[in-house]
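All remarks here apply to the structure that follows.
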Amino acid sequence: MSRRVLVTGGASGLGLALTRLMADRGDTVLVVDLADERPGGLPSGVTYRRLDVRSQQDWDAAFAWVREHWGRLDVLVNNAGVATGGRIDVEAMSDWERVVDVNLLGVARGCHTFAGLLKAQRSGHIVNVASLAGLVHGPGMSSYNATKAGVVALSETLSFELAPWHVDVSVVCPAFFRTNLHASFAGKDAAMQEAGMRLITQATVDADHVAAIVLKGVDARKRVILTDRLGRRAWYSKRLARPLYDRMLTAQARRLARRAGADPDDLSS
């Protein structure tokens, strides 16, 4: 049965990979992204509209389009996001405001806009793309971790809140995979951005691999979708072997400090 699907940030990366898979299986897909004109690479038959997830006006326009052309929505994929990284005393508050507005409030706006429709039709599925950083909170990424943890919390809340109306909610928590997310890095902490770009560009899996796992998780109506062995190991270590988890991330923080030219044990640094 063909579903009607809206994908934010669907012109590239994981959003595009999900769009292709859904279109291949016969879903009717509306992709929204920042480009004014339809980007290349979208499958034929997929509809495109411009939408900035920071703009409630854009969300209202997308809602009006869905009501007029489809009359319903089966799956909302809140995928749009930006990368950021920085130590708390280095990253600017303006960078915090940017990533919160996109990664957290952008997801919240999407859920807020379409929740009423999904409740009224007594069906639907919200898929919020967070990150392993929403579950495992390594050093030097406080703003990114905070937004992705917020998406995890929002998704869990809505999974209970919307369940009486038969609306499912899944949160996707992938580790690093090859995508163009690193192109959105901005901010003052060059050391953290360099480390983040290296983790993304040198990852062993790509967006297509992750998208296939995500789609299986959505079909299975999983509330939390972990996409790789590293993510599962880190998450279970935090839950079941907390001392080991703490030692690992403490060591990671010391390596980060030394790469940035500071020795935590040197009082003069």
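Letters for chains follow the order of the structure tokens (A, B, ...), residue numbers begin at 1 for each chain, and ligand numbers begin at 1 in the order shown.
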Practice prompt. Would you list the contacts of Asp24 of chain A as a VMD selection string, taking every protein, DNA or RNA residue within 12 Å and counting only C-alpha atoms, but skipping same-chain residues closer than 3 positions in sequence?
Written response: chain A and resid 2 to 3 17 to 21 27 to 29 42 to 46 212
Using C-alpha atoms, can you export the residues from the last selection as a short mmCIF file (atom, residue, chain, number, x, y, z; two decimals), in the first residue's frame?
```cif
data_model
loop_
_atom_site.label_atom_id
_atom_site.label_comp_id
_atom_site.auth_asym_id
_atom_site.auth_seq_id
_atom_site.Cartn_x
_atom_site.Cartn_y
_atom_site.Cartn_z
CA SER A 2 1.45 3.34 -1.09
CA ARG A 3 2.12 5.72 1.76
CA ALA A 17 18.76 7.79 0.53
CA LEU A 18 15.46 7.31 2.39
CA THR A 19 13.59 9.14 -0.35
CA ARG A 20 14.99 6.82 -3.02
CA LEU A 21 14.15 3.68 -1.06
CA ASP A 27 5.50 5.49 -1.71
CA THR A 28 4.39 8.97 -2.74
CA VAL A 29 7.07 11.33 -1.42
CA LEU A 42 15.72 13.31 -6.79
CA PRO A 43 13.83 10.30 -8.20
CA SER A 44 11.25 11.02 -10.86
CA GLY A 45 7.77 11.26 -9.45
CA VAL A 46 8.98 12.77 -6.18
CA ALA A 212 18.03 0.47 4.52
#
```
With a cut-off of 7 Å, could you pull out the residues of segment 20-130 of chain A touching segment 6-16 of chain A and give me the nearest pair of atoms for each, distance in Å to one decimal, using only C-alpha atoms, ordered by chain and ascending number, as a tab-separated table?
```
residue	atom	partner	partner_atom	distance
A:Arg20	CA	A:Leu16	CA	6.2
A:Val29	CA	A:Leu6	CA	5.9
A:Leu30	CA	A:Leu6	CA	4.8
A:Val31	CA	A:Val7	CA	5.0
A:Val32	CA	A:Thr8	CA	5.0
A:Asp33	CA	A:Gly9	CA	4.8
A:Pro39	CA	A:Ala11	CA	6.5
A:Leu42	CA	A:Ala11	CA	6.7
A:Val75	CA	A:Leu6	CA	6.4
A:Leu76	CA	A:Leu6	CA	5.0
A:Val77	CA	A:Val7	CA	4.7
A:Asn78	CA	A:Thr8	CA	5.4
A:Asn79	CA	A:Thr8	CA	5.3
A:Ala80	CA	A:Gly9	CA	4.2
```
Next, the residues of the selection above should be written as an mmCIF file, in the first residue's frame with C-alpha atoms.
```cif
data_model
loop_
_atom_site.group_PDB
_atom_site.id
_atom_site.type_symbol
_atom_site.label_atom_id
_atom_site.label_comp_id
_atom_site.auth_asym_id
_atom_site.auth_seq_id
_atom_site.Cartn_x
_atom_site.Cartn_y
_atom_site.Cartn_z
ATOM 1 C CA ARG A 20 14.993 6.819 -3.024
ATOM 2 C CA VAL A 29 7.068 11.329 -1.424
ATOM 3 C CA LEU A 30 7.266 15.076 -0.855
ATOM 4 C CA VAL A 31 10.858 16.236 -0.311
ATOM 5 C CA VAL A 32 11.466 19.582 1.344
ATOM 6 C CA ASP A 33 14.843 21.270 1.561
ATOM 7 C CA PRO A 39 17.711 19.725 -6.797
ATOM 8 C CA LEU A 42 15.723 13.310 -6.793
ATOM 9 C CA VAL A 75 4.907 9.248 7.454
ATOM 10 C CA LEU A 76 6.711 12.420 8.546
ATOM 11 C CA VAL A 77 10.513 12.108 8.435
ATOM 12 C CA ASN A 78 12.208 14.925 10.352
ATOM 13 C CA ASN A 79 15.686 14.445 8.931
ATOM 14 C CA ALA A 80 17.064 17.972 8.331
#
```
Discussion item. Give me, as a ChimeraX atom specification, the residues of segment 17-174 of chain A that a backbone DSSP run labels strand (DSSP E).
Written reply: /A:28-33,47-50,75-78,124-129,167-173
I need the residues from that last selection saved to file as a tab-separated table (two decimals), in the first residue's frame (with N, CA, C and O atoms), if you can.
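The resulting again_27.tsv:
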```
chain	number	residue	atom	x	y	z
A	28	THR	N	4.50	7.63	-2.17
A	28	THR	CA	4.39	8.97	-2.74
A	28	THR	C	5.11	9.93	-1.81
A	28	THR	O	4.73	10.06	-0.64
A	29	VAL	N	6.16	10.59	-2.31
A	29	VAL	CA	7.07	11.33	-1.42
A	29	VAL	C	7.10	12.80	-1.78
A	29	VAL	O	7.23	13.18	-2.96
A	30	LEU	N	7.02	13.64	-0.75
A	30	LEU	CA	7.27	15.08	-0.86
A	30	LEU	C	8.57	15.36	-0.14
A	30	LEU	O	8.69	15.13	1.07
A	31	VAL	N	9.57	15.85	-0.88
A	31	VAL	CA	10.86	16.24	-0.31
A	31	VAL	C	10.86	17.74	-0.10
A	31	VAL	O	10.47	18.50	-0.98
A	32	VAL	N	11.29	18.16	1.08
A	32	VAL	CA	11.47	19.58	1.34
A	32	VAL	C	12.90	19.82	1.76
A	32	VAL	O	13.50	19.03	2.48
A	33	ASP	N	13.45	20.93	1.26
A	33	ASP	CA	14.84	21.27	1.56
A	33	ASP	C	15.02	22.76	1.30
A	33	ASP	O	14.05	23.46	0.97
A	47	THR	N	7.88	14.80	-5.44
A	47	THR	CA	7.56	16.23	-5.45
A	47	THR	C	8.55	16.99	-4.57
A	47	THR	O	9.01	16.46	-3.55
A	48	TYR	N	8.88	18.20	-4.98
A	48	TYR	CA	9.83	19.01	-4.21
A	48	TYR	C	9.22	20.37	-3.88
A	48	TYR	O	8.56	20.99	-4.72
A	49	ARG	N	9.44	20.81	-2.65
A	49	ARG	CA	9.09	22.17	-2.22
A	49	ARG	C	10.23	22.70	-1.34
A	49	ARG	O	10.90	21.94	-0.64
A	50	ARG	N	10.40	24.01	-1.37
A	50	ARG	CA	11.37	24.63	-0.48
A	50	ARG	C	10.77	24.75	0.92
A	50	ARG	O	9.61	25.14	1.09
A	75	VAL	N	3.60	9.26	6.80
A	75	VAL	CA	4.91	9.25	7.45
A	75	VAL	C	5.53	10.65	7.36
A	75	VAL	O	5.62	11.21	6.27
A	76	LEU	N	5.94	11.18	8.49
A	76	LEU	CA	6.71	12.42	8.55
A	76	LEU	C	8.13	12.08	8.97
A	76	LEU	O	8.33	11.53	10.06
A	77	VAL	N	9.11	12.37	8.12
A	77	VAL	CA	10.51	12.11	8.44
A	77	VAL	C	11.20	13.44	8.70
A	77	VAL	O	11.46	14.21	7.78
A	78	ASN	N	11.48	13.72	9.97
A	78	ASN	CA	12.21	14.93	10.35
A	78	ASN	C	13.70	14.62	10.32
A	78	ASN	O	14.29	14.19	11.32
A	124	GLY	N	-0.55	7.00	11.45
A	124	GLY	CA	0.61	7.75	10.98
A	124	GLY	C	1.86	7.34	11.73
A	124	GLY	O	1.81	6.60	12.72
A	125	HIS	N	2.99	7.83	11.24
A	125	HIS	CA	4.28	7.49	11.83
A	125	HIS	C	5.19	8.70	11.72
A	125	HIS	O	5.38	9.24	10.63
A	126	ILE	N	5.74	9.14	12.84
A	126	ILE	CA	6.74	10.20	12.87
A	126	ILE	C	8.10	9.56	13.05
A	126	ILE	O	8.29	8.75	13.97
A	127	VAL	N	9.04	9.90	12.16
A	127	VAL	CA	10.40	9.38	12.23
A	127	VAL	C	11.34	10.57	12.43
A	127	VAL	O	11.51	11.40	11.53
A	128	ASN	N	11.92	10.68	13.62
A	128	ASN	CA	12.83	11.77	13.93
A	128	ASN	C	14.27	11.27	13.88
A	128	ASN	O	14.63	10.32	14.58
A	129	VAL	N	15.08	11.91	13.05
A	129	VAL	CA	16.48	11.50	12.93
A	129	VAL	C	17.31	12.27	13.95
A	129	VAL	O	17.47	13.49	13.85
A	167	VAL	N	-0.68	6.51	16.49
A	167	VAL	CA	0.42	7.17	15.79
A	167	VAL	C	1.73	6.67	16.39
A	167	VAL	O	1.95	6.78	17.60
A	168	ASP	N	2.59	6.09	15.55
A	168	ASP	CA	3.89	5.59	16.00
A	168	ASP	C	4.94	6.69	15.90
A	168	ASP	O	4.85	7.58	15.04
A	169	VAL	N	5.95	6.60	16.76
A	169	VAL	CA	7.07	7.53	16.73
A	169	VAL	C	8.37	6.74	16.86
A	169	VAL	O	8.51	5.93	17.78
A	170	SER	N	9.29	6.96	15.93
A	170	SER	CA	10.61	6.33	15.98
A	170	SER	C	11.67	7.41	16.02
A	170	SER	O	11.53	8.46	15.39
A	171	VAL	N	12.76	7.14	16.75
A	171	VAL	CA	13.91	8.03	16.71
A	171	VAL	C	15.10	7.23	16.20
A	171	VAL	O	15.35	6.11	16.63
A	172	VAL	N	15.81	7.80	15.23
A	172	VAL	CA	16.93	7.14	14.57
A	172	VAL	C	18.23	7.67	15.17
A	172	VAL	O	18.45	8.88	15.22
A	173	CYS	N	19.11	6.76	15.61
A	173	CYS	CA	20.34	7.16	16.29
A	173	CYS	C	21.56	6.51	15.65
A	173	CYS	O	22.17	5.59	16.22
```
Worksheet, complete the sentence: Of A:Met141, A:Ala35, A:Leu117, A:Val218, the one sitting nearest Ala253 of chain A when using only C-alpha atoms is A:Met141
Discussion item. Taking the DSSP secondary structure from the backbone, can you list the residues of segment 38-201 of chain A that are helix (DSSP H, G or I), as number ranges by chain?
Written reply: A: 56-69, 93-121, 132-134, 142-161, 163-165, 181-184, 190-201
